[in-house]
Each structure stands twice: as structure tokens, then as C-alpha cells.
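Reviewing the structure listed below.
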Amino acid sequence: MKVGFIGCGHIARTMAETVNNTKGFELYCVAARDLDRANAFKDEFGAKKAYGSYEELVADDNVELVYIATPHSHHRDHMMLCIEHKKNILCEKAFTVNEAEANEVLTAAKENGVFVAEAIWTRYMPARKLIDDIISSGKIGRVTTITANLGYQISNKERIIDPSLGGGALLDIGIYPLNFALMARNNVNVKALTGICTKAETGVDLQDSMTLAFEDGSIATIFADAEVTSDRRGYIYGTKGYIEVENINNPEVIRVFDDSRKPFMNSEIIIKNDYNGYEYELLEAKKCIEEGKIESEMMSHRETLRVMRFMDAFRASWGIKLSNEI
């Protein structure tokens with residue numbers, strides 16, 4: 001499958017390596033507003049072509065899947081451009097800057113029969129099924145509480161600090177503990193949510209603390225921090241025990257304990273990805289496209305919209321604008 005890249009930043013470099021190391025894919029072309037930058041990316045990663053505009057990329061008939069790796073603020077426009085040219089899309093998280101934009105994109109994709117998926121890698125990893133299976137087995141009993149955190153020292157990054165780029169901790173890293181909690185409840189409805197944040201001088205959120213109450217009586221308390229390095233752990237507590245996940249952003253080890261805090265026999269699972277963990281979203285996109293689907297069950301359009309809706313609600317309660325307009 002020939003993949004075209006819109007954007008040449010850090011995450012695009014990681015995905016370029018992934019494409020080159022995943023069977024069934026070809027890094028066909030890359031586009032940037034600066035042709036020299038696109039050419040440098042092409043030469044480094046062995047792409048066939050480089051374009052100095054996104055319009056040229058989507059006009060290339062050979063492109064079968066477009067990977068979008070631009071700032072959140074540009075996702076809506078770049079996806080709409082792809083849809084206009086009937087190009088299948090794998091778009092980095094956060095999908096857009098708000099639910100309204102996400103709904104516009106997904107409506108257009110449905111009308112045009114174009115595959116679109118949000119590239120939040122934790123939704124596609126094998127670790128997700130492992131955790132789901134432990135919960136559904138009843139080993140830890142009825143789930144009552146979830147905690148998760150993610151923190152990186154990235155407050156100096158332009159994409160974080162600049163509101164015009166859809167900045168803030170929530171859209172960039174808070175989305176991971178939020179998805180961790182939602183996956184652990186496996187589509188159980190949320191009945192209430194509340195949270196607080198601290199802000200940078202630019203008005204974006206830097207530290208977020210959020211609580212979600214689910215209709216089955218369980219709750220999740222999560223935090224994201226763009227100024228510190230956290231332990232990235234997630235816990236799913238049940239009436240008979242609990243699950244510990246090392247690194248919710250890329251699970252490395254899963255451990256299961258009983259209600260006396262003792263590990264179950266042979267319950268430690270060490271996760272080893274086929275490559276770096278990003279390959280699974282690529283493989284899922286390819287599978288869906290070949291089957292004629294326009295969305296993936298692993299990260300459905302409904303779930304993308306739900307996550308955006310929750311992030312809108314948190315930011316609105318913090319007095320943060322839900323668009324990239326300053």
C-alpha cells in the first residue's frame with residue numbers, strides 16, 4: 001500500500017521508520033509547504049517523491065493512504081482536502097481541535113466513501129485486547145475505579161504552548177489517559193465529568209486533573225502534565241483484584257494482583273511489539289481499506305467523536321476556547 005505523508009515533523013519521522021519496517025507498505029511520497037524540507041525527508045527515509053504542496057500529493061493517483069502529521073489546528077483542513085480527492089486517511093491524534101470539526105470531517109468521509117481513522121496508537125495495540133480479556137474474565141471482579149497519568153516535560157514546545165496550534169496538555173497527552181479509562185470501561189456511558197487545570201500565560205492548559213463517572217457506578221481519575229515526567233502508570237481496580245499497566249502510552253508490562261495485593265500466578269505479561277507499536281494502526285487501516293470499510297472498530301467514528309466531546313467539555317469548563325482562534 002502506497003502511503004503519502006502530509007507533514008515532516010517528529011511523529012512523521014517515527015511513522016516513516018514504521019512504514020519502512022512493516023510488510024505490505026511503501027513510503028511513496030511526502031509533502032510539506034517547504035519543498036526543500038520535503039526533499040530532505042524523502043532522501044532520509046527513501047520515499048519515491050517529494051511535493052512542495054499538499055494539493056500536489058492528493059492529486060497523485062498512486063497514493064492509497066495519507067498519513068496526516070501536522071498540528072491539531074490543521075487536521076480538519078488537511079482531511080477535508082484528502083476527502084475531496086477520495087484519499088483514505090490515517091490522522092494523528094487529537095483528531096481535530098473540537099467535536100464540531102470532527103463531525104464535519106467524518107460526515108464528509110461517509111458521504112464520499114473514504115476511510116478515515118484517528119491514529120491514536122494505543123487503540124490498535126495487542127495490549128488493549130490483553131487488558132480487555134483480563135477484565136472480561138472476571139479475574140479482578142467488578143471494575144470500580146481507574147487511575148492513569150501521563151506527563152512529559154514538553155511545555156517549551158510550540159505545539160503545546162501556542163493556542164493557535166491547538167496547544168495544551170489535554171489534546172496532546174491528556175488524550176492518552178482519557179482513552180485508557182474509556183477503553184477499560186469498554187463503551188460504558190459516562191454520566192458526569194469534572195476537572196481542573198492550571199494554565200500557561202498563553203492561556204493553554206499545562207496540568208489537567210479529570211474525573212469521569214460511568215453509568216455502571218465506576219469512576220476514573222486521570223491526570224496529564226506538560227511540565228513533569230510522570231511514571232505513566234495505569235491501574236484498573238476491581239472487587240477481586242487489580243491490573244497494573246506500565247506505560248499507558250505504550251504498554252510495556254501488565255501485572256494482575258488479587259485483593260490482598262499479591263500477584264496472581266504467571267500473571268505478568270511483558271509486551272513486545274513487532275516493531276515500535278505504530279505498525280498496528282497501519283495494518284488495521286490497510287485491512288479496513290481492503291475490506292471496503294470507511295472506519296475501524298478499534299477506533300470507531302463514534303468513539304472519536306465521544307473523546308472529542310469530552311475534551312470539549314473539560315476545556316469549556318476551564319474557560320479555554322474550543323477553536324484555534326486566538
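Naming scheme: A, B, ... for chains in displayed order of the C-alpha cells; residues 1 onward per chain; ligands 1 onward as shown.
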
Once you count only C-alpha atoms, what closest atom pair and distance in Å to one decimal does each residue of range 233-254 of chain A within 7 Å of range 109-129 of chain A have, with rows by chain and rising residue number, as JSON lines?
{"residue": "A:Asn249", "atom": "CA", "partner": "A:Thr122", "partner_atom": "CA", "distance": 6.6}
{"residue": "A:Asn250", "atom": "CA", "partner": "A:Thr122", "partner_atom": "CA", "distance": 6.6}
{"residue": "A:Pro251", "atom": "CA", "partner": "A:Ala127", "partner_atom": "CA", "distance": 6.6}

Would you mind exporting the chosen residues as a short mmCIF file (atom, residue, chain, number, x, y, z; two decimals), in the first residue's frame, restricted to all heavy atoms?
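Everything below was put into result-v3.cif:
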data_model
loop_
_atom_site.label_atom_id
_atom_site.label_comp_id
_atom_site.auth_asym_id
_atom_site.auth_seq_id
_atom_site.Cartn_x
_atom_site.Cartn_y
_atom_site.Cartn_z
N ASN A 249 0.93 4.88 27.62
CA ASN A 249 1.12 5.43 26.29
C ASN A 249 1.71 4.40 25.32
O ASN A 249 1.63 4.58 24.10
CB ASN A 249 2.04 6.65 26.37
CG ASN A 249 2.09 7.42 25.09
OD1 ASN A 249 1.09 7.56 24.40
ND2 ASN A 249 3.27 7.93 24.74
N ASN A 250 2.27 3.32 25.86
CA ASN A 250 2.83 2.24 25.06
C ASN A 250 3.09 1.08 26.02
O ASN A 250 4.22 0.88 26.45
CB ASN A 250 4.12 2.68 24.37
CG ASN A 250 4.71 1.59 23.47
OD1 ASN A 250 4.05 0.59 23.18
ND2 ASN A 250 5.94 1.78 23.04
N PRO A 251 2.04 0.33 26.39
CA PRO A 251 2.17 -0.67 27.44
C PRO A 251 3.39 -1.58 27.30
O PRO A 251 3.64 -2.14 26.23
CB PRO A 251 0.86 -1.46 27.31
CG PRO A 251 -0.11 -0.46 26.79
CD PRO A 251 0.68 0.39 25.83
#

Tell me, as a PyMOL selection string, which residues lie within 7 Å of His75 in chain A, counting only C-alpha atoms; anything in the same chain fewer than 4 positions away does not count. chain A and resi 70-71+79+95-96

File of the preceding selection, N, CA and C atoms, as a PDB file, in the first residue's frame:
ATOM      1  N   THR A  70       0.397  16.821  10.860  1.00  0.00           N
ATOM      2  CA  THR A  70       0.514  18.261  11.079  1.00  0.00           C
ATOM      3  C   THR A  70      -0.084  18.607  12.449  1.00  0.00           C
ATOM      4  N   PRO A  71       0.049  19.856  12.913  1.00  0.00           N
ATOM      5  CA  PRO A  71      -0.557  20.232  14.207  1.00  0.00           C
ATOM      6  C   PRO A  71      -2.075  20.034  14.214  1.00  0.00           C
ATOM      7  N   MET A  79      -7.641  16.962   6.238  1.00  0.00           N
ATOM      8  CA  MET A  79      -8.510  15.805   5.987  1.00  0.00           C
ATOM      9  C   MET A  79      -9.571  16.128   4.946  1.00  0.00           C
ATOM     10  N   PHE A  95      -7.715  14.204  16.888  1.00  0.00           N
ATOM     11  CA  PHE A  95      -8.278  14.135  15.545  1.00  0.00           C
ATOM     12  C   PHE A  95      -8.497  15.525  14.962  1.00  0.00           C
ATOM     13  N   THR A  96      -9.115  16.398  15.722  1.00  0.00           N
ATOM     14  CA  THR A  96      -9.307  17.797  15.345  1.00  0.00           C
ATOM     15  C   THR A  96      -9.212  18.623  16.634  1.00  0.00           C
TER      16      THR A  96
END

Can you pull out every residue within 8 Å of Ala31 in chain A, counting only C-alpha atoms, but drop anything in the same chain fewer than 2 positions away, and send it as a compact mmCIF listing (two decimals) with N, CA and C atoms, in the first residue's frame?
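Here's the written file around03.txt:
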# COMPACT_ATOMS: atom_id res chain seq x y z
N GLY A 4 1.29 8.24 1.52
CA GLY A 4 1.78 9.61 1.38
C GLY A 4 1.70 10.32 2.71
N PHE A 5 2.70 11.12 3.01
CA PHE A 5 2.77 11.84 4.28
C PHE A 5 2.49 13.31 4.07
N ILE A 6 1.58 13.85 4.88
CA ILE A 6 1.38 15.30 4.97
C ILE A 6 1.98 15.73 6.30
N GLY A 7 3.10 16.43 6.22
CA GLY A 7 3.83 16.84 7.41
C GLY A 7 5.12 16.06 7.57
N CYS A 8 6.17 16.74 8.06
CA CYS A 8 7.50 16.14 8.17
C CYS A 8 8.10 16.27 9.57
N CYS A 29 5.43 8.91 -0.91
CA CYS A 29 5.70 10.34 -1.10
C CYS A 29 5.48 11.11 0.19
N ARG A 33 5.01 22.32 3.03
CA ARG A 33 4.90 23.63 2.39
C ARG A 33 6.25 24.11 1.89
N LEU A 35 9.45 22.80 0.00
CA LEU A 35 9.90 21.67 -0.83
C LEU A 35 11.25 21.14 -0.39
N ALA A 38 10.67 18.79 2.38
CA ALA A 38 10.10 17.54 1.89
C ALA A 38 11.16 16.68 1.20
N ALA A 50 8.72 13.80 -3.52
CA ALA A 50 8.51 14.89 -2.56
C ALA A 50 7.73 15.99 -3.25
N TYR A 51 6.79 16.57 -2.51
CA TYR A 51 5.98 17.66 -3.06
C TYR A 51 6.08 18.89 -2.16
N GLY A 52 5.99 20.05 -2.80
CA GLY A 52 6.04 21.32 -2.07
C GLY A 52 4.68 21.85 -1.72
N SER A 53 3.64 21.05 -1.93
CA SER A 53 2.28 21.43 -1.51
C SER A 53 1.48 20.18 -1.24
N TYR A 54 0.51 20.29 -0.36
CA TYR A 54 -0.35 19.15 -0.04
C TYR A 54 -1.29 18.86 -1.20
N GLU A 56 -0.59 18.90 -4.33
CA GLU A 56 0.08 18.03 -5.29
C GLU A 56 0.03 16.58 -4.82
N LEU A 57 0.19 16.35 -3.53
CA LEU A 57 0.17 14.98 -3.01
C LEU A 57 -1.18 14.32 -3.23

Kindly assemble as a tab-separated table a list of the range 195-224 of chain A residues that lie within 6 Å of range 137-160 of chain A, each paired with its nearest atom pair and their distance in Å to one decimal, using only C-alpha atoms, sorted first by chain and then by ascending residue number.
residue	atom	partner	partner_atom	distance
A:Ser218	CA	A:Thr144	CA	4.3
A:Ile219	CA	A:Thr145	CA	5.0
A:Ala220	CA	A:Ile146	CA	4.4
A:Thr221	CA	A:Thr147	CA	5.0
A:Ile222	CA	A:Ala148	CA	4.8
A:Phe223	CA	A:Asn149	CA	4.9
A:Ala224	CA	A:Leu150	CA	5.0

Give me a file of those residues, with all heavy atoms, as a short mmCIF file (atom, residue, chain, number, x, y, z; two decimals), in the first residue's frame.
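Produced file out.cif, reproduced below:
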data_model
loop_
_atom_site.label_atom_id
_atom_site.label_comp_id
_atom_site.auth_asym_id
_atom_site.auth_seq_id
_atom_site.Cartn_x
_atom_site.Cartn_y
_atom_site.Cartn_z
N SER A 218 -18.79 2.94 38.23
CA SER A 218 -17.34 3.07 38.31
C SER A 218 -16.91 4.51 38.03
O SER A 218 -17.67 5.30 37.45
CB SER A 218 -16.65 2.12 37.32
OG SER A 218 -17.06 2.42 35.98
N ILE A 219 -15.69 4.84 38.48
CA ILE A 219 -15.16 6.17 38.24
C ILE A 219 -13.72 6.07 37.74
O ILE A 219 -13.04 5.07 37.98
CB ILE A 219 -15.20 7.07 39.49
CG1 ILE A 219 -14.33 6.47 40.61
CG2 ILE A 219 -16.61 7.31 39.95
CD1 ILE A 219 -14.14 7.42 41.79
N ALA A 220 -13.26 7.11 37.05
CA ALA A 220 -11.88 7.18 36.60
C ALA A 220 -11.32 8.54 36.99
O ALA A 220 -11.96 9.57 36.76
CB ALA A 220 -11.78 6.97 35.09
N THR A 221 -10.12 8.54 37.55
CA THR A 221 -9.43 9.78 37.89
C THR A 221 -8.09 9.77 37.16
O THR A 221 -7.28 8.87 37.35
CB THR A 221 -9.20 9.90 39.40
OG1 THR A 221 -10.46 9.88 40.07
CG2 THR A 221 -8.50 11.21 39.73
N ILE A 222 -7.89 10.76 36.32
CA ILE A 222 -6.71 10.78 35.45
C ILE A 222 -6.06 12.15 35.48
O ILE A 222 -6.69 13.15 35.82
CB ILE A 222 -7.09 10.42 34.00
CG1 ILE A 222 -8.12 11.41 33.45
CG2 ILE A 222 -7.65 9.01 33.92
CD1 ILE A 222 -8.55 11.13 32.01
N PHE A 223 -4.75 12.19 35.16
CA PHE A 223 -4.12 13.50 35.04
C PHE A 223 -3.10 13.49 33.92
O PHE A 223 -2.55 12.46 33.54
CB PHE A 223 -3.52 13.98 36.36
CG PHE A 223 -2.17 13.43 36.73
CD1 PHE A 223 -1.01 13.89 36.13
CD2 PHE A 223 -2.05 12.48 37.74
CE1 PHE A 223 0.24 13.41 36.49
CE2 PHE A 223 -0.81 11.98 38.11
CZ PHE A 223 0.34 12.45 37.48
N ALA A 224 -2.86 14.70 33.39
CA ALA A 224 -1.85 14.93 32.37
C ALA A 224 -1.05 16.16 32.77
O ALA A 224 -1.62 17.13 33.29
CB ALA A 224 -2.50 15.14 31.00
#

As a PyMOL selection string, please: all residues of range 75-300 of chain A that backbone DSSP puts in helix (DSSP H, G or I). chain A and resi 75-84+99-112+121-123+126-137+158-161+163-165+169-185+279-290

Can you pull out every residue within 9 Å of range 239-243 of chain A, counting only C-alpha atoms, but drop anything in the same chain fewer than 2 positions away, and send it as JSON, numbers by chain? {"A": [131, 134, 135, 138, 139, 140, 141, 142, 143, 144, 234, 235, 236, 237, 245, 254, 255, 256, 257, 258, 259, 260, 261, 262]}

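Closest to Gly174 in chain A among A:Met308, A:Leu81, A:Val30, A:Ile68 is A:Met308, based on only C-alpha atoms.
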
When DSSP works through the backbone of this structure, what residues of range 50-185 of chain A end up as strand (DSSP E or B), shown as an MDAnalysis selection string? chainID A and resid 50:51 65:68 88:92 116:119 143:151

List the neighbours of Phe310 in chain A out to 9 Å using only C-alpha atoms; skip same-chain residues closer than 4 positions along the sequence, and give me the result as a count of residues only. 7
